[in-house]
Each structure stands twice: as C-alpha cells, then as structure tokens.
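Coordinates from work_31.cif are shown below (mmCIF, C-alpha atoms).
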```
data_target
#
loop_
_atom_site.label_atom_id
_atom_site.label_comp_id
_atom_site.auth_asym_id
_atom_site.auth_seq_id
_atom_site.Cartn_x
_atom_site.Cartn_y
_atom_site.Cartn_z
CA MET A 1 36.07 -11.75 2.59
CA ARG A 2 38.95 -10.43 4.58
CA VAL A 3 40.57 -12.26 7.44
CA ASN A 4 39.66 -9.46 9.89
CA GLU A 5 35.94 -9.88 9.19
CA ARG A 6 36.00 -13.58 10.08
CA ILE A 7 37.51 -13.15 13.52
CA ARG A 8 35.66 -9.94 14.28
CA ILE A 9 33.55 -10.23 17.42
CA PRO A 10 29.95 -9.04 16.82
CA GLN A 11 29.13 -5.82 18.56
CA VAL A 12 25.83 -4.51 19.92
CA ARG A 13 24.57 -1.14 21.11
CA VAL A 14 23.76 -1.54 24.80
CA ILE A 15 21.11 0.38 26.74
CA GLY A 16 21.26 0.16 30.51
CA ALA A 17 18.53 -0.87 32.92
CA ASP A 18 17.70 2.78 33.70
CA GLY A 19 17.48 3.76 30.00
CA GLU A 20 20.91 5.38 29.56
CA GLN A 21 23.06 4.38 26.62
CA ILE A 22 26.15 2.47 27.64
CA GLY A 23 27.54 2.39 24.09
CA VAL A 24 28.63 -0.08 21.43
CA LEU A 25 30.26 -3.10 23.06
CA PRO A 26 31.26 -6.61 22.04
CA THR A 27 28.46 -9.08 22.73
CA ARG A 28 30.43 -11.05 25.31
CA GLU A 29 31.19 -7.92 27.28
CA ALA A 30 27.53 -6.82 27.18
CA VAL A 31 26.43 -10.21 28.49
CA LYS A 32 29.07 -10.01 31.21
CA ILE A 33 27.80 -6.57 32.34
CA ALA A 34 24.20 -7.84 32.44
CA LEU A 35 25.17 -10.91 34.50
CA GLU A 36 27.12 -8.75 36.98
CA LYS A 37 23.95 -6.72 37.58
CA GLY A 38 21.87 -9.90 37.87
CA LEU A 39 19.77 -9.00 34.82
CA ASP A 40 19.28 -10.26 31.25
CA LEU A 41 20.55 -8.90 27.94
CA VAL A 42 17.54 -8.66 25.62
CA GLU A 43 17.81 -7.89 21.91
CA VAL A 44 15.36 -5.05 21.21
CA SER A 45 16.10 -4.15 17.60
CA PRO A 46 17.86 -6.95 15.70
CA TYR A 47 17.85 -5.29 12.26
CA SER A 48 19.58 -2.01 13.11
CA ARG A 49 23.32 -1.61 12.66
CA PRO A 50 24.65 -2.55 15.19
CA PRO A 51 21.80 -4.48 16.82
CA VAL A 52 20.35 -2.82 19.92
CA CYS A 53 20.19 -4.74 23.21
CA ARG A 54 18.80 -3.69 26.55
CA ILE A 55 19.79 -4.80 30.04
CA MET A 56 16.57 -5.68 31.91
CA ASN A 57 14.80 -8.23 34.04
CA TYR A 58 13.13 -10.19 31.25
CA GLY A 59 10.85 -12.21 33.53
CA LYS A 60 9.44 -9.02 35.08
CA TYR A 61 9.04 -7.47 31.61
CA ARG A 62 7.06 -10.50 30.34
CA TYR A 63 4.87 -10.46 33.46
CA GLU A 64 4.03 -6.76 32.94
CA GLN A 65 3.21 -7.36 29.25
CA GLN A 66 0.85 -10.22 30.16
CA LYS A 67 -0.80 -8.07 32.82
CA LYS A 68 -1.37 -5.22 30.34
CA ALA A 69 -2.84 -7.63 27.79
CA LYS A 70 -5.17 -9.09 30.43
CA ASP A 71 -6.36 -5.61 31.48
CA ALA A 72 -6.98 -4.63 27.86
CA LYS A 73 -8.98 -7.81 27.32
CA LYS A 74 -11.14 -7.06 30.39
CA LYS A 75 -12.10 -3.63 29.07
CA GLN A 76 -13.19 -4.70 25.59
CA HIS A 77 -16.79 -5.62 24.80
CA VAL A 78 -17.39 -8.32 22.23
CA ILE A 79 -20.52 -7.81 20.16
CA VAL A 80 -22.52 -11.01 19.98
CA LEU A 81 -25.19 -11.81 17.42
CA LYS A 82 -28.24 -13.03 19.35
CA GLU A 83 -31.18 -14.75 17.63
CA MET A 84 -34.91 -14.53 18.29
CA HIS A 85 -37.44 -16.68 16.43
CA PHE A 86 -41.07 -15.75 15.85
CA ARG A 87 -43.88 -17.60 14.12
CA PRO A 88 -46.57 -15.87 12.01
CA LYS A 89 -49.19 -16.85 14.61
CA THR A 90 -47.21 -15.67 17.67
CA GLU A 91 -49.64 -14.66 20.42
CA GLU A 92 -49.53 -11.27 22.18
CA HIS A 93 -47.94 -12.45 25.44
CA ASP A 94 -45.19 -14.37 23.58
CA TYR A 95 -44.59 -11.34 21.35
CA GLN A 96 -44.18 -9.05 24.41
CA PHE A 97 -41.91 -11.56 26.14
CA LYS A 98 -39.62 -11.90 23.13
CA THR A 99 -39.63 -8.15 22.47
CA ARG A 100 -38.53 -7.53 26.06
CA HIS A 101 -35.60 -9.93 25.57
CA ILE A 102 -34.62 -8.27 22.28
CA ARG A 103 -34.67 -4.90 24.06
CA GLU A 104 -32.30 -6.26 26.74
CA PHE A 105 -29.95 -7.65 24.07
CA LEU A 106 -29.84 -4.29 22.28
CA GLU A 107 -29.30 -2.36 25.53
CA ASP A 108 -26.36 -4.67 26.34
CA GLY A 109 -24.80 -3.67 23.01
CA ASN A 110 -25.44 -6.89 21.10
CA LYS A 111 -26.88 -7.31 17.63
CA VAL A 112 -30.09 -9.31 17.21
CA LYS A 113 -31.08 -11.51 14.28
CA VAL A 114 -34.86 -11.70 14.20
CA MET A 115 -36.36 -14.61 12.26
CA VAL A 116 -39.95 -15.38 11.42
CA ASP A 117 -40.23 -19.11 10.68
CA PHE A 118 -42.95 -20.50 8.39
CA ARG A 119 -44.17 -24.09 8.05
CA GLY A 120 -46.47 -25.72 5.53
CA ARG A 121 -49.48 -23.62 4.56
CA GLU A 122 -48.14 -20.61 6.49
CA MET A 123 -45.91 -19.95 3.45
CA ALA A 124 -49.01 -18.59 1.66
CA HIS A 125 -49.24 -15.76 4.23
CA MET A 126 -45.76 -14.21 4.26
CA ASP A 127 -47.36 -10.81 4.92
CA PHE A 128 -48.03 -11.89 8.54
CA GLY A 129 -44.27 -12.21 9.07
CA TYR A 130 -43.56 -8.78 7.59
CA LYS A 131 -46.27 -7.27 9.85
CA ILE A 132 -44.62 -8.78 12.92
CA LEU A 133 -41.25 -7.32 11.92
CA GLU A 134 -42.74 -3.88 11.20
CA ARG A 135 -44.39 -3.89 14.63
CA LEU A 136 -41.10 -4.94 16.21
CA ILE A 137 -39.26 -2.08 14.50
CA ASN A 138 -41.81 0.43 15.82
CA ASP A 139 -41.69 -1.01 19.35
CA LEU A 140 -37.86 -0.98 19.50
CA GLN A 141 -37.04 2.21 17.60
CA ASP A 142 -35.81 3.90 20.80
CA VAL A 143 -33.04 1.31 21.42
CA GLY A 144 -32.28 -0.23 18.02
CA VAL A 145 -32.01 0.41 14.31
CA ILE A 146 -32.12 -1.91 11.33
CA GLU A 147 -28.77 -3.09 10.05
CA GLN A 148 -30.20 -5.48 7.45
CA LYS A 149 -33.73 -5.05 6.17
CA ALA A 150 -36.19 -7.92 6.29
CA LYS A 151 -35.73 -10.38 3.45
CA GLN A 152 -37.01 -13.83 2.70
CA GLU A 153 -34.57 -16.72 2.76
CA GLY A 154 -36.29 -20.01 2.07
CA ARG A 155 -38.94 -20.63 4.74
CA ASN A 156 -37.79 -17.70 6.91
CA ILE A 157 -37.89 -13.92 6.90
CA ILE A 158 -34.70 -12.56 8.44
CA MET A 159 -33.87 -9.07 9.76
CA ILE A 160 -30.85 -7.89 11.75
CA MET A 161 -31.06 -5.07 14.31
CA MET A 162 -28.20 -3.32 16.04
CA PRO A 163 -28.08 -1.00 19.06
CA LYS A 164 -28.81 2.65 18.34
CA ASN A 165 -25.68 3.91 20.13
CA GLN A 166 -23.51 1.54 18.05
CA LYS A 167 -24.85 3.13 14.85
CA GLY A 168 -23.67 6.52 16.14
CA LYS A 169 -20.21 5.09 16.75
CA ILE A 170 -20.06 3.66 13.24
CA GLU A 171 -21.20 6.96 11.67
CA SER A 172 -18.67 9.01 13.65
CA HIS A 173 -15.94 6.50 12.76
CA ALA A 174 -16.84 6.79 9.07
CA LYS A 175 -16.73 10.60 9.29
CA ASP A 176 -13.27 10.44 10.88
CA LYS A 177 -12.01 8.27 8.02
CA ASP A 178 -13.40 10.65 5.39
CA GLN A 179 -11.57 13.65 6.84
#
```

Whole structure, structure tokens version:
Amino acid sequence: MRVNERIRIPQVRVIGADGEQIGVLPTREAVKIALEKGLDLVEVSPYSRPPVCRIMNYGKYRYEQQKKAKDAKKKQHVIVLKEMHFRPKTEEHDYQFKTRHIREFLEDGNKVKVMVDFRGREMAHMDFGYKILERLINDLQDVGVIEQKAKQEGRNIIMIMMPKNQKGKIESHAKDKDQ
C-alpha cells in the first residue's frame, strides 16, 4: 500500500437536488454543499466506483415512499379461503342459505372450501355427501369453478371452489409465461 492511498480522501459522484450531475467531489465537500442548501447527502449506489450520492430532503423522500406503499396496499385484494360446512342430512332451507353465502364469497373474489362432515353411522352413506357437492357445483357454475375436486379425508369430504373470473386470470397468466 502506498502512502498516498492512506491519506487519500474518499470521493463520491454527486447528483444535485434537481437531478443534474455536480461531479466527483471529496466526501467532506459534498456534505458541505448539501448542508449549505439545507438538504441531506444520501448514498444512492454504494457499490459503483466512485459511490454515487444525491443531495435531497431525505425526510420528504421517506414520507413519499411510505405514501406510495400505503396506496399500493390499498389497491391490492387479498384472496381469503372461506369455509362452509354441510352435513349429509342438510335440509333444503339450510342448503339454500349456505349456497347463497358461498355465492357471495365467490363474487367477492374469495376461494371457498366446502366440507361435508360425517358422524357415526353417516359414514356408511358417503354418497349423500357427494350428491350435495354435485348439486352445489351445478348451482354455482355461473360464479365458480372447482379448483380441487371432492375427496374424502377422514370423516369429511372436502372440495375447493374458486371464482370463475380468477380462473381466467390464471389461464391468461399461464399463456403469457408460455410465450
């Protein structure tokens, strides 16, 4: 290592508050310029040679970034997995009531996990559960499609439905990836 390298003052490329390049300056001088303008010297690209710094109001910059993140969060829709439980002996009114709720969930863009629960001797008549799910599929085919077909898991038959418009988004997204 040479003696000149040890006492060499680190230099940075400075970009002004309005976006113009001021040039490569010693760090102390860049800080001095920023303080004279009442702004901060912020390191933008630390790994370039020389490092790039920008003169800006850092507090205002952070506030704008937080505001953008908050706006982006407002606009996104989180898909929730809702659950609806049936029994093999579910009466007509209860079936209609639950179907109406499933329709609302699907129209809101949420997925629905439909479960038919069996107890005791009902396990001998699993076909009743499959009939309920088939009827549900026919009643909701205008708003939802099956994501996971009905399958038996222990004492339950489980099926997952998703909104019809979401399926279209997934298919178009898959086509975009293929091209």

Hey, could you pull the box centre and edge lengths for range 67-84 of chain A, axis-aligned, 5 Å padding per side, all listed atoms, to one decimal in Å, as AutoDock Vina command-line options?
```
--center_x -17.9 --center_y -9.2 --center_z 25.1 --size_x 44.1 --size_y 21.1 --size_z 25.4
```

Practice problem: Give the answer as one residue: which of A:Lys98, A:Arg13, A:Arg87, A:Glu104 has the shortest atom-to-atom distance to Arg155 in chain A, using all atoms listed in the file? | Solution: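 Closest to Arg155 in chain A, using all atoms listed in the file: A:Arg87.
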
Exercise. Would you kindly return, as a list in words, each protein, DNA or RNA residue with an atom no farther than 8 Å from any atom of Pro88 in chain A, considering all atoms listed in the file and excluding same-chain residues fewer than 2 positions away?
Key: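 What passes the distance filter is Phe86, Thr90, Val116, Asp117, Phe118, Glu122, Met126, Phe128, Gly129 and Ile132 of chain A.
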
Quiz item: Between CA of Arg54 in chain A and CA of Ala17 in chain A, what is the distance, to one decimal in Å?
Solution: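 Taking CA of Arg54 in chain A as the start and CA of Ala17 in chain A as the end point, the length is 7.0 Å.
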
Practice problem: Figure out the distance between CA of Lys75 in chain A and CA of Ile160 in chain A, please, to one decimal in Å. | Solution: 25.9 Å

Exercise. For CA of Phe105 in chain A and CA of Pro163 in chain A, determine how far apart the two atoms are, in Å to one decimal place.
Key: 8.5 Å

Quiz item: Taking into account all atoms listed in the file, which residue in the set A:Ala30, A:Leu106, A:Cys53, A:Val112 is nearest to Lys82 in chain A?
Solution: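 Nearest to Lys82 in chain A: A:Val112.
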
Quiz item: Any idea what's packed within 7 Å of Ile55 in chain A, counting all atoms listed in the file, ignoring anything in its chain fewer than 3 positions away? Could you give it as an NGL selection string?
Solution: :A and (15-17 or 34 or 39-42)

Exercise. Counting only C-alpha atoms, figure out which residue out of A:Gly23, A:Pro10, A:Gly109, A:Gly38 gets nearest to Gly144 in chain A.
Key: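 Smallest separation from Gly144 in chain A among the options: A:Gly109.
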
Self-check item: Spatial sel., origin (-34.3, -0.3, 9.8), limit 9 Å, only C-alpha atoms, listed as a PyMOL selection string
Solution: chain A and resi 137+141+144-150+159-161

Exercise. Do a neighbour search on Val114 in chain A at 6 Å with all atoms listed in the file, toss out local chain neighbours closer than 5 positions, and write the hits as a VMD selection string.
Key: chain A and resid 83 to 84 158 to 159

Practice problem: Apply the PyMOL selection byres ((chain A and resi 136) around 10) to the structure shown and report the selected residues as a count of residues only. | Solution: 17

Self-check item: Nearest to Lys37 in chain A, chosen from A:Ile79, A:Arg119, A:Arg49, A:Asn57, with only C-alpha atoms counted in the distances
Solution: A:Asn57

Exercise. Choose the residue, out of A:Glu36, A:Met56, A:Glu43, A:Leu81, that has the smallest atom-to-atom separation from Gly19 in chain A; count all atoms listed in the file.
Key: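 Nearest candidate to Gly19 in chain A out of A:Glu36, A:Met56, A:Glu43, A:Leu81: A:Met56.
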
Self-check item: Residue nearest Asp108 in chain A among A:Val12, A:Val80, A:Val44, A:Val24 (counting only C-alpha atoms)
Solution: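 Residue with the minimum atom-to-atom distance to Asp108 in chain A: A:Val80.
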
For the structure just given, write the atoms of range 70-95 of chain A, namely N, CA and C atoms, as an mmCIF file, in the first residue's frame.
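The resulting file, selection-v9.cif, is reproduced below:
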```cif
data_model
loop_
_atom_site.group_PDB
_atom_site.id
_atom_site.type_symbol
_atom_site.label_atom_id
_atom_site.label_comp_id
_atom_site.auth_asym_id
_atom_site.auth_seq_id
_atom_site.Cartn_x
_atom_site.Cartn_y
_atom_site.Cartn_z
ATOM 1 N N LYS A 70 -48.388 2.673 0.984
ATOM 2 C CA LYS A 70 -49.733 2.631 1.564
ATOM 3 C C LYS A 70 -50.796 2.603 0.467
ATOM 4 N N ASP A 71 -50.611 3.408 -0.590
ATOM 5 C CA ASP A 71 -51.555 3.421 -1.706
ATOM 6 C C ASP A 71 -51.567 2.087 -2.433
ATOM 7 N N ALA A 72 -50.400 1.484 -2.614
ATOM 8 C CA ALA A 72 -50.313 0.188 -3.286
ATOM 9 C C ALA A 72 -51.018 -0.883 -2.459
ATOM 10 N N LYS A 73 -50.885 -0.792 -1.139
ATOM 11 C CA LYS A 73 -51.514 -1.768 -0.259
ATOM 12 C C LYS A 73 -53.033 -1.633 -0.291
ATOM 13 N N LYS A 74 -53.538 -0.408 -0.441
ATOM 14 C CA LYS A 74 -54.977 -0.177 -0.514
ATOM 15 C C LYS A 74 -55.582 -0.842 -1.746
ATOM 16 N N LYS A 75 -54.865 -0.811 -2.860
ATOM 17 C CA LYS A 75 -55.401 -1.275 -4.127
ATOM 18 C C LYS A 75 -55.359 -2.784 -4.286
ATOM 19 N N GLN A 76 -54.572 -3.483 -3.493
ATOM 20 C CA GLN A 76 -54.478 -4.934 -3.664
ATOM 21 C C GLN A 76 -55.620 -5.644 -2.953
ATOM 22 N N HIS A 77 -56.021 -6.789 -3.512
ATOM 23 C CA HIS A 77 -57.089 -7.592 -2.919
ATOM 24 C C HIS A 77 -56.496 -8.920 -2.491
ATOM 25 N N VAL A 78 -56.609 -9.225 -1.233
ATOM 26 C CA VAL A 78 -56.081 -10.471 -0.701
ATOM 27 C C VAL A 78 -57.159 -11.534 -0.830
ATOM 28 N N ILE A 79 -56.804 -12.663 -1.433
ATOM 29 C CA ILE A 79 -57.750 -13.753 -1.575
ATOM 30 C C ILE A 79 -57.757 -14.547 -0.281
ATOM 31 N N VAL A 80 -58.960 -14.721 0.247
ATOM 32 C CA VAL A 80 -59.131 -15.413 1.522
ATOM 33 C C VAL A 80 -59.801 -16.750 1.244
ATOM 34 N N LEU A 81 -59.409 -17.771 1.976
ATOM 35 C CA LEU A 81 -60.046 -19.072 1.864
ATOM 36 C C LEU A 81 -61.150 -19.149 2.918
ATOM 37 N N LYS A 82 -62.407 -19.103 2.458
ATOM 38 C CA LYS A 82 -63.554 -19.195 3.353
ATOM 39 C C LYS A 82 -63.951 -20.667 3.459
ATOM 40 N N GLU A 83 -64.616 -21.034 4.535
ATOM 41 C CA GLU A 83 -65.058 -22.416 4.725
ATOM 42 C C GLU A 83 -66.564 -22.463 4.922
ATOM 43 N N MET A 84 -67.188 -23.513 4.366
ATOM 44 C CA MET A 84 -68.610 -23.742 4.582
ATOM 45 C C MET A 84 -68.796 -25.230 4.850
ATOM 46 N N HIS A 85 -69.456 -25.549 5.948
ATOM 47 C CA HIS A 85 -69.664 -26.939 6.368
ATOM 48 C C HIS A 85 -71.099 -27.369 6.091
ATOM 49 N N PHE A 86 -71.248 -28.543 5.526
ATOM 50 C CA PHE A 86 -72.551 -29.164 5.314
ATOM 51 C C PHE A 86 -72.571 -30.477 6.079
ATOM 52 N N ARG A 87 -73.745 -31.002 6.270
ATOM 53 C CA ARG A 87 -73.939 -32.343 6.818
ATOM 54 C C ARG A 87 -74.690 -33.144 5.760
ATOM 55 N N PRO A 88 -74.597 -34.478 5.761
ATOM 56 C CA PRO A 88 -75.303 -35.254 4.734
ATOM 57 C C PRO A 88 -76.816 -35.104 4.799
ATOM 58 N N LYS A 89 -77.341 -34.711 5.946
ATOM 59 C CA LYS A 89 -78.793 -34.557 6.101
ATOM 60 C C LYS A 89 -79.204 -33.083 6.133
ATOM 61 N N THR A 90 -78.439 -32.204 5.489
ATOM 62 C CA THR A 90 -78.746 -30.776 5.468
ATOM 63 C C THR A 90 -80.090 -30.557 4.776
ATOM 64 N N GLU A 91 -80.977 -29.828 5.448
ATOM 65 C CA GLU A 91 -82.313 -29.559 4.905
ATOM 66 C C GLU A 91 -82.243 -28.507 3.796
ATOM 67 N N GLU A 92 -83.327 -28.389 3.037
ATOM 68 C CA GLU A 92 -83.371 -27.518 1.856
ATOM 69 C C GLU A 92 -83.106 -26.053 2.200
ATOM 70 N N HIS A 93 -83.772 -25.530 3.233
ATOM 71 C CA HIS A 93 -83.575 -24.120 3.580
ATOM 72 C C HIS A 93 -82.121 -23.849 3.974
ATOM 73 N N ASP A 94 -81.534 -24.726 4.783
ATOM 74 C CA ASP A 94 -80.130 -24.562 5.188
ATOM 75 C C ASP A 94 -79.211 -24.632 3.981
ATOM 76 N N TYR A 95 -79.520 -25.552 3.069
ATOM 77 C CA TYR A 95 -78.711 -25.677 1.840
ATOM 78 C C TYR A 95 -78.760 -24.370 1.053
#
```
